[in-house]
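One structure below.
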Amino acid sequence: MRLDGLYRLAVLSSMLTGLPGPGSSEPLSGDLWWQTERSLIESLQQADLFELVRSAEIREPSSDPAELLRRLQLFVRAGHREDAAALIPVLAECRARLSSQLLEQLAMFLLGREEWELARLALETFPTIEAGWDYTLLRHWRSQGRSVESIDAWMAKRQPANPGYWVKHRIRLRAENGTDEALIREIGADIRAHPSDPGRVYLYLDATSHREQSPEWLGDAFQPRRALDAYEVGSRLVDRAPEASVKLLELSLAMELTDAEVHEFDMHCQQSMPGAEAKKRLLGSFRHALVRAYQKTGRNDKAQKLAEELIPDSGDEPISSFTAQVAGQVQASSGSRVIERRILRAEGGQVDSPNYWLSRAYYYSGRRQHAEAVRAFERALMLAPIETKTRFKVPDARLLVLHGYLRHLVAMDGIEQADRLLHRELSEMPPYALTAERAVHDILWLDTDHNHPVRPDDPLLWRFLERRQAWAHTEERLVWKLLERTPIAKRESVLARAERLARGRDPSRARILGWVLTRMHESRRALPLLRDALARLKSEDDLASAAYTIFEAYLDTGDWRAAERTFPLASKRLNAQELGRQQARIALLAARRGAKGDALRIWKQACRLDPADLQKLDEMARAGMQKELAAHYRALAERDPKSWIPGRALEILMLLRDGE
């Protein structure tokens, strides 16, 4: 090789290794996958893919997992399946440094690109992977005629590494031919052989969650050694096996609760508490679950007695809304008024506390005493302060009251009342009050989930849009819904009204409205708004968002030249696979406009990033590019004979030619 060729490969080699090297022995974060992919894309925008592959092939083998992942991504993109397959066993040698998230990204990368054999090899090498797209591999095998029995046998070999994951898939697969019952019995026998292991019980419950059979037998079969295990299994059984739930939850309260169990539970709570408070909270959870189980089994007297233990007799301690609602539900069944008297007695010391009135409202909501619940919710709302920003990562008092009040009204089939409540809150609150935004969010929720349509001429909703200086996600959903609910014959005036709100105001308004218009097939109308937003937005993220939207609008309106000009900024919103795919869309549009030279140039640019993506190849050929594309792929085959991609592309082109 000539000296300049060696020098060039050395430069390319340095481009491939632009990310940090081995470093510490800690597991590598899943973010490394995206960093690696972005680094590779940046390299491909400057260098030829073929030369990058050659550079990777001549380098010494690496033991750095980050470098191995870089090479694997490169080989897969280039169509070098054998080289990619050879790297997977090498990666296994440094599995201690590969986090579960990183391995999942690897599997999803291969599955998303339909690299079925490479995905199979990855799952066999790393059977702990829980890939989000794993079902696509099983579906592919079934479409190829592979039997349920052979697929199940394959999964059974992986099962010891991650039982919960593989058993769940095996049961769902075997349900296709009615052989899942035998596997479920096998899991049940395993529980009986290891009666104190909660993990086996969780595996069984997860694997059978779709089945109607009741797991009541677990009440006798499961023999927990810890109170926390008895509670966690028992609480999961309240709805599916209430009798078993009662046995286990009663046992949880009878067993000694250790400090280690309290700490374990507290670690999973949003808000940590001191030891004594954490233990009290955990025991309260035990009792809450048992109250529900008693109710499910009709033991109203026991539920009443236990509920009384949850409500302090002194009236000095605050009552949680959940506890109050559970108590109300219990007393609705038992007919007792003991807890109600305690709550009413506590009013004297807490008369100005919104939390007290909220708990009282939940109590009457649980009893389904609508009038009393409404009075308490109204009092809580009157006392709750108005907040315009959250001080902590928890909802403020007024938001909690509004949320509870709304859910109570909906549960009582008071959709119209709920709508009036939200409109009243929207009319009384300043535009940046948290509950004003929440009210709009819930008005949209009533529209979507409860068939209570938004009125497109609603003055309060338009006033909300007018008064919010900057628009974000809530305003985006609202504008879209207002336009969507407007009859087509009247839509012009509503569109003009929305444009007046966006024109010359905060650029976020133009960006949001422009995006909504592109989704409503009004891309040409969106373009002036999006150009205005691009000229005035400051945030890089907002600029990239607006650029991608205007890029799509240019494609929709057939302006491939403007789309190409916008693409560098728009590409910041794209992942590695989307980059080449969107460039292929530009190329296709150019071809359809008769600009063959530009179409081929742009197609080649897309191929530099991801030559394996052939989705638009048939459309390009039908747009008059068959001859040019065939020449391109024949040249690529000569340059890179190891790649499967040129052969497949030429096969597609030949089939299209013969079909004509």
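Chain lettering (A, B, ...) mirrors the order of the structure tokens, residue numbering begins at 1 for each chain separately, and ligand numbering begins at 1 in order of display.
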Practice prompt. Identify, on the basis of only C-alpha atoms, every residue whose closest approach to A:Asp532 does not exceed 12 Å; exclude the query and any residue fewer than 2 positions from it along the same chain; express the result as a ChimeraX atom specification.
Written response: /A:502-514,526-530,534-537,543,546-547,550
Restricting it to N, CA and C atoms, dump the selection as a JSON list (two decimals), in the first residue's frame.
[["chain", "number", "residue", "atom", "x", "y", "z"],
["A", 502, "ALA", "N", -50.15, 33.75, 17.13],
["A", 502, "ALA", "CA", -48.75, 33.35, 16.98],
["A", 502, "ALA", "C", -47.89, 34.41, 16.31],
["A", 503, "ARG", "N", -48.48, 35.19, 15.43],
["A", 503, "ARG", "CA", -47.70, 36.12, 14.62],
["A", 503, "ARG", "C", -47.15, 37.27, 15.45],
["A", 504, "GLY", "N", -45.81, 37.44, 15.42],
["A", 504, "GLY", "CA", -45.17, 38.55, 16.10],
["A", 504, "GLY", "C", -45.09, 38.41, 17.61],
["A", 505, "ARG", "N", -45.48, 37.27, 18.15],
["A", 505, "ARG", "CA", -45.41, 37.04, 19.59],
["A", 505, "ARG", "C", -44.21, 36.15, 19.90],
["A", 506, "ASP", "N", -44.19, 35.57, 21.08],
["A", 506, "ASP", "CA", -43.08, 34.69, 21.44],
["A", 506, "ASP", "C", -42.90, 33.63, 20.35],
["A", 507, "PRO", "N", -41.65, 33.38, 19.90],
["A", 507, "PRO", "CA", -41.46, 32.45, 18.77],
["A", 507, "PRO", "C", -41.90, 31.02, 19.06],
["A", 508, "SER", "N", -42.03, 30.67, 20.34],
["A", 508, "SER", "CA", -42.51, 29.33, 20.65],
["A", 508, "SER", "C", -43.93, 29.13, 20.11],
["A", 509, "ARG", "N", -44.71, 30.20, 20.03],
["A", 509, "ARG", "CA", -46.07, 30.09, 19.50],
["A", 509, "ARG", "C", -46.04, 29.73, 18.02],
["A", 510, "ALA", "N", -45.18, 30.40, 17.27],
["A", 510, "ALA", "CA", -45.08, 30.09, 15.83],
["A", 510, "ALA", "C", -44.58, 28.67, 15.62],
["A", 511, "ARG", "N", -43.63, 28.24, 16.44],
["A", 511, "ARG", "CA", -43.10, 26.87, 16.32],
["A", 511, "ARG", "C", -44.19, 25.84, 16.59],
["A", 512, "ILE", "N", -44.95, 26.05, 17.68],
["A", 512, "ILE", "CA", -46.00, 25.10, 18.07],
["A", 512, "ILE", "C", -47.11, 25.06, 17.02],
["A", 513, "LEU", "N", -47.60, 26.24, 16.61],
["A", 513, "LEU", "CA", -48.69, 26.27, 15.65],
["A", 513, "LEU", "C", -48.24, 25.71, 14.30],
["A", 514, "GLY", "N", -47.01, 26.01, 13.91],
["A", 514, "GLY", "CA", -46.49, 25.46, 12.66],
["A", 514, "GLY", "C", -46.48, 23.94, 12.69],
["A", 526, "ALA", "N", -48.12, 26.39, 7.08],
["A", 526, "ALA", "CA", -47.22, 26.37, 8.24],
["A", 526, "ALA", "C", -45.88, 27.03, 7.93],
["A", 527, "LEU", "N", -45.47, 27.05, 6.68],
["A", 527, "LEU", "CA", -44.11, 27.49, 6.34],
["A", 527, "LEU", "C", -43.78, 28.92, 6.81],
["A", 528, "PRO", "N", -44.63, 29.94, 6.60],
["A", 528, "PRO", "CA", -44.27, 31.28, 7.10],
["A", 528, "PRO", "C", -44.07, 31.31, 8.61],
["A", 529, "LEU", "N", -44.90, 30.59, 9.35],
["A", 529, "LEU", "CA", -44.76, 30.55, 10.80],
["A", 529, "LEU", "C", -43.44, 29.91, 11.20],
["A", 530, "LEU", "N", -43.10, 28.82, 10.55],
["A", 530, "LEU", "CA", -41.87, 28.10, 10.90],
["A", 530, "LEU", "C", -40.63, 28.90, 10.52],
["A", 534, "LEU", "N", -37.79, 30.03, 13.18],
["A", 534, "LEU", "CA", -36.37, 29.77, 12.99],
["A", 534, "LEU", "C", -35.53, 31.04, 13.09],
["A", 535, "ALA", "N", -36.09, 32.13, 12.67],
["A", 535, "ALA", "CA", -35.35, 33.40, 12.69],
["A", 535, "ALA", "C", -35.22, 33.96, 14.10],
["A", 536, "ARG", "N", -36.12, 33.58, 15.01],
["A", 536, "ARG", "CA", -36.13, 34.24, 16.32],
["A", 536, "ARG", "C", -35.86, 33.34, 17.52],
["A", 537, "LEU", "N", -35.94, 32.03, 17.35],
["A", 537, "LEU", "CA", -35.71, 31.13, 18.48],
["A", 537, "LEU", "C", -34.25, 31.18, 18.92],
["A", 543, "LEU", "N", -34.61, 25.35, 18.19],
["A", 543, "LEU", "CA", -34.22, 25.60, 16.79],
["A", 543, "LEU", "C", -34.22, 24.30, 15.99],
["A", 546, "ALA", "N", -37.83, 23.20, 15.39],
["A", 546, "ALA", "CA", -38.47, 23.97, 14.32],
["A", 546, "ALA", "C", -37.89, 23.62, 12.96],
["A", 547, "ALA", "N", -36.57, 23.38, 12.92],
["A", 547, "ALA", "CA", -35.92, 23.04, 11.66],
["A", 547, "ALA", "C", -36.42, 21.70, 11.13],
["A", 550, "ILE", "N", -39.96, 22.24, 9.73],
["A", 550, "ILE", "CA", -39.98, 22.92, 8.43],
["A", 550, "ILE", "C", -39.38, 22.02, 7.34]]
Item to complete: as a PyMOL selection string, list the residues of stretch 169-276 of chain A assigned to alpha helix (DSSP H) by DSSP on the backbone atoms of this structure.
Response: chain A and resi 169-174+180-193+198-207+218-221+227-236+242-254+259-266+275-276
Worksheet item: Skipping near chain neighbours, those fewer than 5 positions away, what residues fall within 12 Å of stretch 640-657 of chain A using only C-alpha atoms, listed as JSON, numbers by chain?
Response: {"A": [48, 49, 50, 51, 52, 53, 54, 57, 74, 75, 76, 77, 78, 79, 80, 81, 82, 83, 84, 115, 607, 610, 611, 612, 613, 614, 615, 616, 617, 618, 619, 620, 621, 622, 623, 624, 625, 626, 627, 628, 629, 630, 631, 632, 633, 634, 635]}
Discussion item. Set the distance at 7 Å and use only C-alpha atoms: which residues neighbour stretch 184-195 of chain A once local chain neighbours fewer than 6 positions away are removed? I'd like the list as a count of residues only.
Written reply: 5
Practice prompt. Go ahead and compute the interatomic distance for atom CA of A:Pro430 and atom CA of A:Leu517, in Å to one decimal.
Written response: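 For atom CA of A:Pro430 relative to atom CA of A:Leu517, the distance reads 28.2 Å.
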Practice prompt. Tell me, as JSON, numbers by chain, which residues lie within 8 Å of A:Asn355, counting only C-alpha atoms; anything in the same chain fewer than 3 positions away does not count.
Written response: {"A": [318, 358, 359, 380, 397]}
Practice prompt. Could you please determine the separation between atom CA of A:Leu421 and atom CA of A:Ile443 in Å, to one decimal place?
Written response: 9.9 Å
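Separating atom CA of A:Ala376 from atom CA of A:Arg407 is a distance of 14.2 Å.
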With a distance cut-off of 6 Å and only C-alpha atoms, select the neighbouring residues of stretch 155-165 of chain A, excluding the residue or stretch itself and same-chain residues fewer than 6 positions from it, and output the selection as an mmCIF file with N, CA and C atoms, in the first residue's frame.
data_model
loop_
_atom_site.group_PDB
_atom_site.id
_atom_site.type_symbol
_atom_site.label_atom_id
_atom_site.label_comp_id
_atom_site.auth_asym_id
_atom_site.auth_seq_id
_atom_site.Cartn_x
_atom_site.Cartn_y
_atom_site.Cartn_z
ATOM 1 N N PRO A 127 -27.891 -14.089 27.373
ATOM 2 C CA PRO A 127 -29.299 -14.463 27.599
ATOM 3 C C PRO A 127 -30.003 -13.654 28.678
ATOM 4 N N THR A 128 -29.264 -12.781 29.374
ATOM 5 C CA THR A 128 -29.921 -11.910 30.354
ATOM 6 C C THR A 128 -30.595 -10.707 29.702
ATOM 7 N N LEU A 203 -42.366 -14.690 39.656
ATOM 8 C CA LEU A 203 -42.241 -15.258 38.321
ATOM 9 C C LEU A 203 -43.570 -15.874 37.883
#
Discussion item. Just want the 12 Å neighbourhood of A:Thr566, counted on only C-alpha atoms, with same-chain residues fewer than 6 positions away dropped. Output as a PyMOL selection string.
Written reply: chain A and resi 530-531+534+543-555+559-560+572+582-583+586
Output file for the selection above: C-alpha atoms, as a short mmCIF file (atom, residue, chain, number, x, y, z; two decimals), in the first residue's frame:
data_model
loop_
_atom_site.label_atom_id
_atom_site.label_comp_id
_atom_site.auth_asym_id
_atom_site.auth_seq_id
_atom_site.Cartn_x
_atom_site.Cartn_y
_atom_site.Cartn_z
CA LEU A 530 -41.87 28.10 10.90
CA ARG A 531 -39.54 30.47 9.02
CA LEU A 534 -36.37 29.77 12.99
CA LEU A 543 -34.22 25.60 16.79
CA ALA A 544 -33.61 21.95 15.90
CA SER A 545 -37.26 21.14 16.57
CA ALA A 546 -38.47 23.97 14.32
CA ALA A 547 -35.92 23.04 11.66
CA TYR A 548 -37.10 19.44 11.56
CA THR A 549 -40.73 20.54 11.30
CA ILE A 550 -39.98 22.92 8.43
CA PHE A 551 -37.89 20.19 6.79
CA GLU A 552 -40.96 17.94 6.83
CA ALA A 553 -43.11 20.79 5.52
CA TYR A 554 -40.73 21.32 2.58
CA LEU A 555 -40.94 17.61 1.77
CA ASP A 559 -39.51 21.66 -2.32
CA TRP A 560 -36.57 19.24 -2.16
CA LYS A 572 -29.95 17.23 15.08
CA GLN A 582 -34.59 11.18 5.60
CA GLN A 583 -31.87 11.94 3.09
CA ILE A 586 -34.99 14.11 -0.31
#
